[in-house]
Amino acid sequence: MDFSNFWVILLLLAARGCYSQDSPLQSDKVKGVVGKNVTFKTTITSTTDFLSIAWNFNKDKVVPIITFVPSTSTKKINDKYISRISYNVTTFELQLGPLMKEDEGEYILSTVNLKAEQLTGLIHLEVLEPVTDVKISSNVPEAIEFNSTVILTCSAKGSFTYKWLNGSDLLVADGTHTKLNPTTNNELTITEVRRTDLRGPIVCIAENALESGRSAPFNLTVSYGPEKIAVTQTPTNSFLKKGSNLTLTCSADSDPPAQLRWMFNGAELLQKANVTIPNLEEKHSGNYSCVAYNAKTNRNIVSAVASVTVLEALSGTNISSSTSLLISGNSTVNLTCSAAVGKAESVEWLKNSQPLTPSPRVIFSADKKSLTIVQVVKDDVGEYKCQMKNKVNMDEASYKMVINYGPENVKLDGKKDVKFEEDVKISCSAESVPPSMYTWKLNNTVMNFSQAIYVIEKAKVTDSGTYTCKAINPITKMEKETTFKLAVTEVGAVDEGLSGGAIAGIVIAVLVAVIIIACIIKRKRKSGTDIPSPY
C-alpha cells in the first residue's frame, strides 16, 4: 500500500468529521500547561486489532501528527512533531510537549479495525499559562497594633485564582476584622491590625486547574507595647546584707524593644535595662521601679515597686558566763549572748541542739539575751547555743557547761572469800566531777594507798578484815565512804569441791565415830575382856 496515499485517505475521513459514537478516547477534554507535557489517553488495549491508527491536530485545518500501521510496524511522523511526541505501541496513547500556546485545539484519533470499520475520537486541549512570580505587597511598611489598617495585595503571572493561608490553615475572612476582595480574592484587608494577625506567616497561592504557585512567606512588623513589664531582683530577698551586691533587671513585651529607665524613690536612677549596685550600704534602702517606653507606639508602662532594705549582718556572736566554777546544788549561773557587729531581732537558746524552755530554775531576760539557771544540778551539763537572728542572717555561739558534783554512789567490788596465796583485786568507784581522790583503811587503820584499785598478791590470813574506801571531790569538798569484808582461808581449810552442807555432814560423822570408839574402849576396861577383832 502506498503509505502517503493511505495518510491522505485518513485525513479526508478526519476532515469529513466521521466520528463514531464509541470513542477510542477516555475523555473529550484535557488541560495542559505551557512548557510541560500532556498525555491523550485511549481505550485501546492492543494496536494489533487495527489496520491503521492516526493522530491529527485540527485547528484552522487538519494537520497530521502520526500514522501507524500495526501489521508492518510502519509509522509516519510529521516533521513538526518528531521531537515533541512519544507514543505507546500497545495503547497508542500520545504524549505531547513541551506545550506551546499554539498547541491548544482539537486532537483527532482515527482508527480502522480488522473488519475495515472506522473508529474515531476527538479531544479538546486547553493550554494554560504557567503560574509564576507570585508575591505579596503591603500598603504600609510598618503597622501599629490597634491603630493601623493593613491591605495586602497578591499578584502573579499566568492564568489562575487566588487563596490565602495563615500558617498552614486556609485564611477565612470574618468580614469585619479581615476582608477579602469579593471579585478576585487577591486583596486582603486587616482592620485594627494585631501582632498575631500577620505572624502565620501569611502566604498567597495563585493556582489553575493543573498547578499552583506560592508567594514567599509574608510577615509584616506590627509595633506594639510596651506591656507585661517585669522586674527581676537578685538576690530576691527584700532585706539584704550590708556589703553585698544587688542586681535589678527590667524587661517588657514590646516591638520595637522598649526604652527602659530605672527610678529610685521617685527620681531617675539610670537609663538601662540592668542595674548593679555593689557593696550595698544603708543609703541604698528604698523603692526601685522600672519605666518602659515605646517610641513607635508612643506608649509607656511602669513596673511594680521593688522594696529593698539594707541591714548589717550579725557576726562575732559570743556567750559570756558569770562564773566559771559551778557546783551542783550551790551555784547560780548567768549566761549573756551578744554580737560584735549587727543588731539582733530575735534570740534563741538551745541545749544539746534542742530548744531550751523556761522553768522555775531556767529564766530568760525580756530580750532573751541573758539566761539564768538557779542552783545548777548535774543534769544541766551540756552544750548551750545562742542563736541571734535578723532579716539577713543568723549567727551563733556555743558554751560548754561543766557542773562539779559528787562523790555519789561509792562502791567497792571484789571477791570476798579467797584462798591462801590467791591474788585479790578490790575496786573502788564513785560518780564525781571532777574524778574523786581515794583513801583506804583496813580494820580502821589508814593504809598508805590512794588509787581506785587495790591489788593483793598472794593473800595471807592477815589480809582478812574490813576494808574502807573513802571518795573525796577536790572541788565540792564532799566525801563519802563504803566498806568491804575480805576473808582469807588457811591452807586445806576449805575444799571448794564440797558444798557447805557436805562439809558439815563430814564433821558430824567424824564426831559420832569418835564417840562410839570412846564408848567401846570404856566398856573394855570395865569387863576386862578383849574384844575380838572383826578381821
# chains A, B, ... in the order shown; residues from 1 in each chain; ligands from 1

$ residues_around --residues "Ser215 in chain A" --least-positions-apart "2" --cutoff "6 Å" --atoms "only C-alpha atoms" --output "list in words"
Val134, Lys135, Val203 and Cys204 of chain A

$ select_by_dssp --residues "range 55-277 of chain A" --states "strand (DSSP E)" --output "number ranges by chain"
A: 55-58, 62-69, 74-77, 85-87, 94-96, 105-113, 118-128, 132-138, 142-144, 150-157, 161-166, 169-170, 178-180, 187-190, 202-207, 212-214, 221-234, 239-241, 246-255, 259-264, 267-270, 274-277

$ closest_residue --among "A:Gln233, A:Ser23, A:Thr178, A:Ser427" --to "Ser289 in chain A" --atoms "only C-alpha atoms"
A:Gln233

$ residues_around --residues "range 371-382 of chain A" --least-positions-apart "6" --cutoff "12 Å" --atoms "only C-alpha atoms" --output "PyMOL selection string"
chain A and resi 319-323+325-338+347-354+356-365+398-408+431-434

$ residues_around --residues "Phe218 in chain A" --least-positions-apart "2" --cutoff "10 Å" --atoms "only C-alpha atoms" --output "list in words"
Lys135, Ile136, Ser137, Ser138, Leu152, Asn166, Leu198, Arg199, Gly200, Pro201, Ile202, Val203, Cys204, Ser215, Ala216, Leu220 and Thr221 of chain A

$ residues_around --residues "range 79-82 of chain A" --least-positions-apart "4" --cutoff "9 Å" --atoms "only C-alpha atoms" --output "mmCIF file with C-alpha atoms, in the first residue's frame"
data_model
loop_
_atom_site.group_PDB
_atom_site.id
_atom_site.type_symbol
_atom_site.label_atom_id
_atom_site.label_comp_id
_atom_site.auth_asym_id
_atom_site.auth_seq_id
_atom_site.Cartn_x
_atom_site.Cartn_y
_atom_site.Cartn_z
ATOM 1 C CA ILE A 65 0.801 14.170 13.663
ATOM 2 C CA ILE A 66 1.496 10.402 13.370
ATOM 3 C CA SER A 86 6.051 9.975 22.128
ATOM 4 C CA LEU A 96 2.870 15.957 23.501
#

$ closest_residue --among "A:Val89, A:Ala206, A:Leu170, A:Val69" --to "Thr184 in chain A" --atoms "only C-alpha atoms"
A:Ala206

$ residues_around --residues "Val308 in chain A" --least-positions-apart "5" --cutoff "8 Å" --atoms "only C-alpha atoms" --output "ChimeraX atom specification"
/A:237-240,284-288

$ closest_residue --among "A:Val131, A:Ile229, A:Leu248, A:Ala273" --to "Ile205 in chain A" --atoms "only C-alpha atoms"
A:Val131

$ closest_residue --among "A:Ser83, A:Asn37, A:Ser71, A:Ser429" --to "Leu210 in chain A" --atoms "only C-alpha atoms"
A:Asn37

$ atom_distance --atom1 "CA of Gln259 in chain A" --atom2 "CA of Thr297 in chain A"
11.9 Å

$ residues_around --residues "His124 in chain A" --least-positions-apart "3" --cutoff "9 Å" --atoms "only C-alpha atoms" --output "PyMOL selection string"
chain A and resi 28-31+104-108

$ closest_residue --among "A:Ile144, A:Leu51, A:Glu93, A:Val455" --to "Lys115 in chain A" --atoms "only C-alpha atoms"
A:Leu51

$ atom_distance --atom1 "CA of Pro257 in chain A" --atom2 "CA of Val193 in chain A"
18.9 Å

$ closest_residue --among "A:Ser244, A:Ser223, A:Ser251, A:Ser315" --to "Glu281 in chain A" --atoms "only C-alpha atoms"
A:Ser244

$ atom_distance --atom1 "CA of Asn443 in chain A" --atom2 "CA of Met478 in chain A"
23.0 Å
